[in-house]
Amino acid sequence: MIIRKSAEEIERMAASGTVLARCLQMLRSKARPGVTTAELDEVAERFIRSQDAEPAFKGYRGFPGSICTSPNSMIVHGIPGSYKLKRGDILSIDVGVILDGWVSDAAVTVPVGPVSPIATRLVQTTREALFEAVEQARLGNHLGDVSHAVQRKVEEDGFSIVRALVGHGVGREMHEDPQIPNYGTPGTGPELEEGMVLAIEPMVNAGSEPIRMGADNWSVYSQDGSLAAHFEHTVAVTADGPRILTPWHLQEAKKAA
């Protein structure tokens with residue numbers, strides 16, 4: 001069952017998403033050579049709690065971290081720890097925030113210093129695929145339109161969709177209906193209605209599609225060891241079009257200005 005949110009509930013989710021966006025911006029600035037993923041996790045938890053919010057991931061199904069940190073060939077669900085970032089890495093950072101009972105969820109992949117041309121292209125494609133999918137989150141469209149937008153961009157650029165992992169609805173719970181694959185056929189699936197809130201999250205491998213589970217039973221890697229990228233926004237379907245509730249991209253624009 002897809003739970004539609006009222007305008008007031010969407011505002012509350014937007015407040016959660018604002019905390020998240022600020023947290024992600026801080027983490028991006030701290031993702032430098034020599035920093036461990038555990039140190040990023042510590043500063044993220046401290047910041048989130050300072051905003052009278054909670055890290056949504058900590059303790060979720062036993063997950064030990066406040067954020068997910070996934071370097072290089074790790075796609076998602078990396079447990080923060082002793083891994084020390086080095087020049088040339090790409091790091092996917094996934095954050096969830098609960099504020100006043102409402103969940104927001106978003107992710108970015110950041111370069112650590114100068115990175116290879118393939119890493120640059122992969123990150124750019126995955127980011128652009130997210131925003132092309134967000135543009136499809138409009139009244140009267142279907143979930144397949146959102147999914148297909150990701151697939152089209154990624155495959156046109158020569159990369160592979162991770163088909164075993166999906167986006168999801170979000171609200172009071174971290175994972176709600178519907179599941180949102182990153183591939184699909186336009187005009188298929190549930191029709192998008194006002195008040196739906198979707199966590200849209202392209203997950204992309206530079207090489208082939210298959211994945212493998214890490215020994216910790218959390219981290220997920222590309223099976224062939226190729227680089228992977230992950231971007232995510234929490235998006236509300238409104239009468240005025242898609243509304244991004246986790247506006248980390250606005251922080252990018254401010255920095256560029």
# chains A, B, ... in the order shown; residues from 1 in each chain; ligands from 1
call {"tool": "residues_around", "arguments": {"residues": "region 210-215 of chain A", "least_positions_apart": "6", "cutoff": "10 Å", "atoms": "only C-alpha atoms", "output": "PyMOL selection string"}}
result
chain A and resi 73-75+77-78+160-165+221-225
call {"tool": "residues_around", "arguments": {"residues": "region 28-45 of chain A", "least_positions_apart": "6", "cutoff": "9 Å", "atoms": "only C-alpha atoms", "output": "ChimeraX atom specification"}}
result
/A:54-55,65-70,79-89,91,93,95,108-113
call {"tool": "closest_atom_pairs", "arguments": {"of": "region 116-172 of chain A", "to": "region 13-27 of chain A", "cutoff": "12 Å", "atoms": "only C-alpha atoms", "output": "CSV"}}
result
residue,atom,partner,partner_atom,distance
A:Val170,CA,A:Met13,CA,9.4
A:Gly171,CA,A:Met13,CA,7.4
A:Arg172,CA,A:Met13,CA,9.1
call {"tool": "write_last_selection", "arguments": {"atoms": "all heavy atoms", "output": "short mmCIF file (atom, residue, chain, number, x, y, z; two decimals), in the first residue's frame"}}
result
data_model
loop_
_atom_site.label_atom_id
_atom_site.label_comp_id
_atom_site.auth_asym_id
_atom_site.auth_seq_id
_atom_site.Cartn_x
_atom_site.Cartn_y
_atom_site.Cartn_z
N VAL A 170 9.04 6.42 1.23
CA VAL A 170 9.58 6.79 2.54
C VAL A 170 8.58 7.72 3.23
O VAL A 170 7.82 8.42 2.58
CB VAL A 170 10.98 7.45 2.38
CG1 VAL A 170 10.89 8.74 1.58
CG2 VAL A 170 11.65 7.68 3.72
N GLY A 171 8.57 7.69 4.56
CA GLY A 171 7.65 8.53 5.31
C GLY A 171 7.88 8.37 6.79
O GLY A 171 8.92 8.75 7.33
N ARG A 172 6.91 7.78 7.47
CA ARG A 172 7.11 7.43 8.89
C ARG A 172 8.12 6.30 9.02
O ARG A 172 8.79 6.17 10.05
CB ARG A 172 5.79 7.02 9.52
CG ARG A 172 4.81 8.15 9.75
CD ARG A 172 5.21 8.96 10.96
NE ARG A 172 4.16 9.89 11.36
CZ ARG A 172 4.30 10.76 12.35
NH1 ARG A 172 5.45 10.83 13.02
NH2 ARG A 172 3.32 11.58 12.67
#
call {"tool": "residues_around", "arguments": {"residues": "Gln124 (chain A)", "least_positions_apart": "4", "cutoff": "12 Å", "atoms": "only C-alpha atoms", "output": "list in words"}}
result
Ile90, Val108, Thr109, Val110, Pro111, Pro117, Ile118, Ala119, Thr120, Glu128, Ala129, Leu130, Phe131, Lys153, Val154, Asp157, Phe159, Pro202, Val204, Ala206, Ala228, Ala229, His230 and Phe231 of chain A
call {"tool": "write_last_selection", "arguments": {"atoms": "N, CA, C and O atoms", "output": "JSON list (two decimals), in the first residue's frame"}}
result
[["chain", "number", "residue", "atom", "x", "y", "z"],
["A", 90, "ILE", "N", 36.56, 7.20, -4.87],
["A", 90, "ILE", "CA", 35.24, 7.80, -4.83],
["A", 90, "ILE", "C", 34.50, 7.16, -3.65],
["A", 90, "ILE", "O", 34.67, 5.98, -3.37],
["A", 108, "VAL", "N", 25.06, 10.82, -1.86],
["A", 108, "VAL", "CA", 25.91, 11.39, -2.90],
["A", 108, "VAL", "C", 27.16, 10.53, -3.02],
["A", 108, "VAL", "O", 27.53, 9.81, -2.09],
["A", 109, "THR", "N", 27.80, 10.62, -4.16],
["A", 109, "THR", "CA", 29.12, 10.01, -4.34],
["A", 109, "THR", "C", 30.11, 11.13, -4.59],
["A", 109, "THR", "O", 29.89, 11.96, -5.49],
["A", 110, "VAL", "N", 31.17, 11.17, -3.79],
["A", 110, "VAL", "CA", 32.12, 12.27, -3.86],
["A", 110, "VAL", "C", 33.51, 11.78, -4.25],
["A", 110, "VAL", "O", 33.94, 10.70, -3.82],
["A", 111, "PRO", "N", 34.22, 12.55, -5.07],
["A", 111, "PRO", "CA", 35.61, 12.23, -5.36],
["A", 111, "PRO", "C", 36.50, 12.67, -4.21],
["A", 111, "PRO", "O", 36.25, 13.70, -3.57],
["A", 117, "PRO", "N", 39.47, 9.45, -15.10],
["A", 117, "PRO", "CA", 38.40, 9.85, -16.03],
["A", 117, "PRO", "C", 37.17, 8.96, -15.94],
["A", 117, "PRO", "O", 36.04, 9.46, -16.01],
["A", 118, "ILE", "N", 37.33, 7.66, -15.77],
["A", 118, "ILE", "CA", 36.17, 6.77, -15.69],
["A", 118, "ILE", "C", 35.37, 7.06, -14.43],
["A", 118, "ILE", "O", 34.13, 7.05, -14.44],
["A", 119, "ALA", "N", 36.05, 7.35, -13.32],
["A", 119, "ALA", "CA", 35.35, 7.69, -12.08],
["A", 119, "ALA", "C", 34.58, 8.99, -12.24],
["A", 119, "ALA", "O", 33.43, 9.10, -11.79],
["A", 120, "THR", "N", 35.18, 9.96, -12.89],
["A", 120, "THR", "CA", 34.51, 11.25, -13.12],
["A", 120, "THR", "C", 33.25, 11.05, -13.94],
["A", 120, "THR", "O", 32.18, 11.58, -13.61],
["A", 128, "GLU", "N", 23.37, 12.73, -12.92],
["A", 128, "GLU", "CA", 22.43, 13.21, -13.93],
["A", 128, "GLU", "C", 21.23, 12.28, -14.06],
["A", 128, "GLU", "O", 20.10, 12.73, -14.28],
["A", 129, "ALA", "N", 21.46, 10.97, -13.92],
["A", 129, "ALA", "CA", 20.36, 10.01, -13.99],
["A", 129, "ALA", "C", 19.36, 10.26, -12.87],
["A", 129, "ALA", "O", 18.14, 10.14, -13.07],
["A", 130, "LEU", "N", 19.86, 10.61, -11.68],
["A", 130, "LEU", "CA", 18.95, 10.93, -10.58],
["A", 130, "LEU", "C", 18.05, 12.10, -10.95],
["A", 130, "LEU", "O", 16.82, 12.03, -10.79],
["A", 131, "PHE", "N", 18.61, 13.17, -11.45],
["A", 131, "PHE", "CA", 17.81, 14.36, -11.73],
["A", 131, "PHE", "C", 16.88, 14.15, -12.91],
["A", 131, "PHE", "O", 15.77, 14.72, -12.94],
["A", 153, "LYS", "N", 19.52, 7.00, -19.26],
["A", 153, "LYS", "CA", 20.74, 7.80, -19.11],
["A", 153, "LYS", "C", 21.95, 6.92, -18.85],
["A", 153, "LYS", "O", 23.01, 7.08, -19.47],
["A", 154, "VAL", "N", 21.81, 5.97, -17.93],
["A", 154, "VAL", "CA", 22.95, 5.14, -17.54],
["A", 154, "VAL", "C", 23.43, 4.29, -18.70],
["A", 154, "VAL", "O", 24.64, 4.21, -18.99],
["A", 157, "ASP", "N", 25.18, 6.07, -21.55],
["A", 157, "ASP", "CA", 26.55, 6.46, -21.23],
["A", 157, "ASP", "C", 27.48, 5.26, -21.04],
["A", 157, "ASP", "O", 28.65, 5.42, -20.66],
["A", 159, "PHE", "N", 27.23, 2.53, -18.94],
["A", 159, "PHE", "CA", 27.38, 1.93, -17.62],
["A", 159, "PHE", "C", 26.24, 0.94, -17.35],
["A", 159, "PHE", "O", 25.35, 0.76, -18.20],
["A", 202, "PRO", "N", 19.49, 6.04, -8.03],
["A", 202, "PRO", "CA", 20.30, 5.27, -8.99],
["A", 202, "PRO", "C", 21.54, 4.68, -8.33],
["A", 202, "PRO", "O", 22.25, 5.38, -7.58],
["A", 204, "VAL", "N", 24.84, 2.45, -9.73],
["A", 204, "VAL", "CA", 25.39, 2.20, -11.06],
["A", 204, "VAL", "C", 26.81, 1.63, -10.95],
["A", 204, "VAL", "O", 27.63, 2.13, -10.17],
["A", 206, "ALA", "N", 30.40, 0.76, -13.03],
["A", 206, "ALA", "CA", 31.16, 1.11, -14.23],
["A", 206, "ALA", "C", 31.33, -0.10, -15.13],
["A", 206, "ALA", "O", 31.44, 0.03, -16.35],
["A", 228, "ALA", "N", 31.69, 1.88, -8.47],
["A", 228, "ALA", "CA", 30.24, 2.02, -8.36],
["A", 228, "ALA", "C", 29.91, 3.40, -7.81],
["A", 228, "ALA", "O", 30.69, 3.98, -7.05],
["A", 229, "ALA", "N", 28.74, 3.92, -8.17],
["A", 229, "ALA", "CA", 28.29, 5.22, -7.67],
["A", 229, "ALA", "C", 26.83, 5.13, -7.26],
["A", 229, "ALA", "O", 26.07, 4.28, -7.75],
["A", 230, "HIS", "N", 26.43, 6.06, -6.37],
["A", 230, "HIS", "CA", 25.08, 6.05, -5.79],
["A", 230, "HIS", "C", 24.69, 7.49, -5.47],
["A", 230, "HIS", "O", 25.42, 8.19, -4.76],
["A", 231, "PHE", "N", 23.57, 7.92, -6.02],
["A", 231, "PHE", "CA", 22.99, 9.22, -5.67],
["A", 231, "PHE", "C", 21.53, 9.01, -5.31],
["A", 231, "PHE", "O", 20.86, 8.13, -5.86]]
call {"tool": "select_by_dssp", "arguments": {"residues": "region 85-187 of chain A", "states": "strand (DSSP E)", "output": "number ranges by chain"}}
result
A: 90-99, 102-111, 160-161, 167-169, 176-180
call {"tool": "residues_around", "arguments": {"residues": "Asp240 (chain A)", "least_positions_apart": "2", "cutoff": "9 Å", "atoms": "only C-alpha atoms", "output": "PyMOL selection string"}}
result
chain A and resi 138-139+237-238+242-243
call {"tool": "closest_residue", "arguments": {"among": "A:Glu132, A:Glu173, A:Asp216, A:Glu156", "to": "Tyr60 (chain A)", "atoms": "only C-alpha atoms"}}
result
A:Glu173
call {"tool": "closest_residue", "arguments": {"among": "A:Val76, A:Ile10, A:Ile98, A:Leu245", "to": "Asp52 (chain A)", "atoms": "only C-alpha atoms"}}
result
A:Ile98
call {"tool": "closest_residue", "arguments": {"among": "A:Leu143, A:Met203, A:Ala106, A:Met174", "to": "Ala56 (chain A)", "atoms": "only C-alpha atoms"}}
result
A:Met174
call {"tool": "closest_residue", "arguments": {"among": "A:Glu191, A:Glu209, A:Gly96, A:Arg152", "to": "Lys58 (chain A)", "atoms": "only C-alpha atoms"}}
result
A:Gly96
call {"tool": "residues_around", "arguments": {"residues": "Arg12 (chain A)", "least_positions_apart": "4", "cutoff": "8 Å", "atoms": "only C-alpha atoms", "output": "list in words"}}
result
Glu8, Ser16, Leu99, Asp100 and Trp102 of chain A
call {"tool": "closest_residue", "arguments": {"among": "A:Leu250, A:Leu227, A:Ala149, A:Val134", "to": "Ala199 (chain A)", "atoms": "only C-alpha atoms"}}
result
A:Val134
call {"tool": "select_by_dssp", "arguments": {"residues": "region 16-255 of chain A", "states": "helix (DSSP H, G or I)", "output": "number ranges by chain"}}
result
A: 16-30, 37-50, 60-62, 117-135, 143-156, 248-255
call {"tool": "atom_distance", "arguments": {"atom1": "CA of Asp94 (chain A)", "atom2": "CA of Asn141 (chain A)"}}
result
27.3 Å
call {"tool": "closest_residue", "arguments": {"among": "A:Thr188, A:Ser92, A:Lys5, A:Val235", "to": "Arg127 (chain A)", "atoms": "only C-alpha atoms"}}
result
A:Ser92
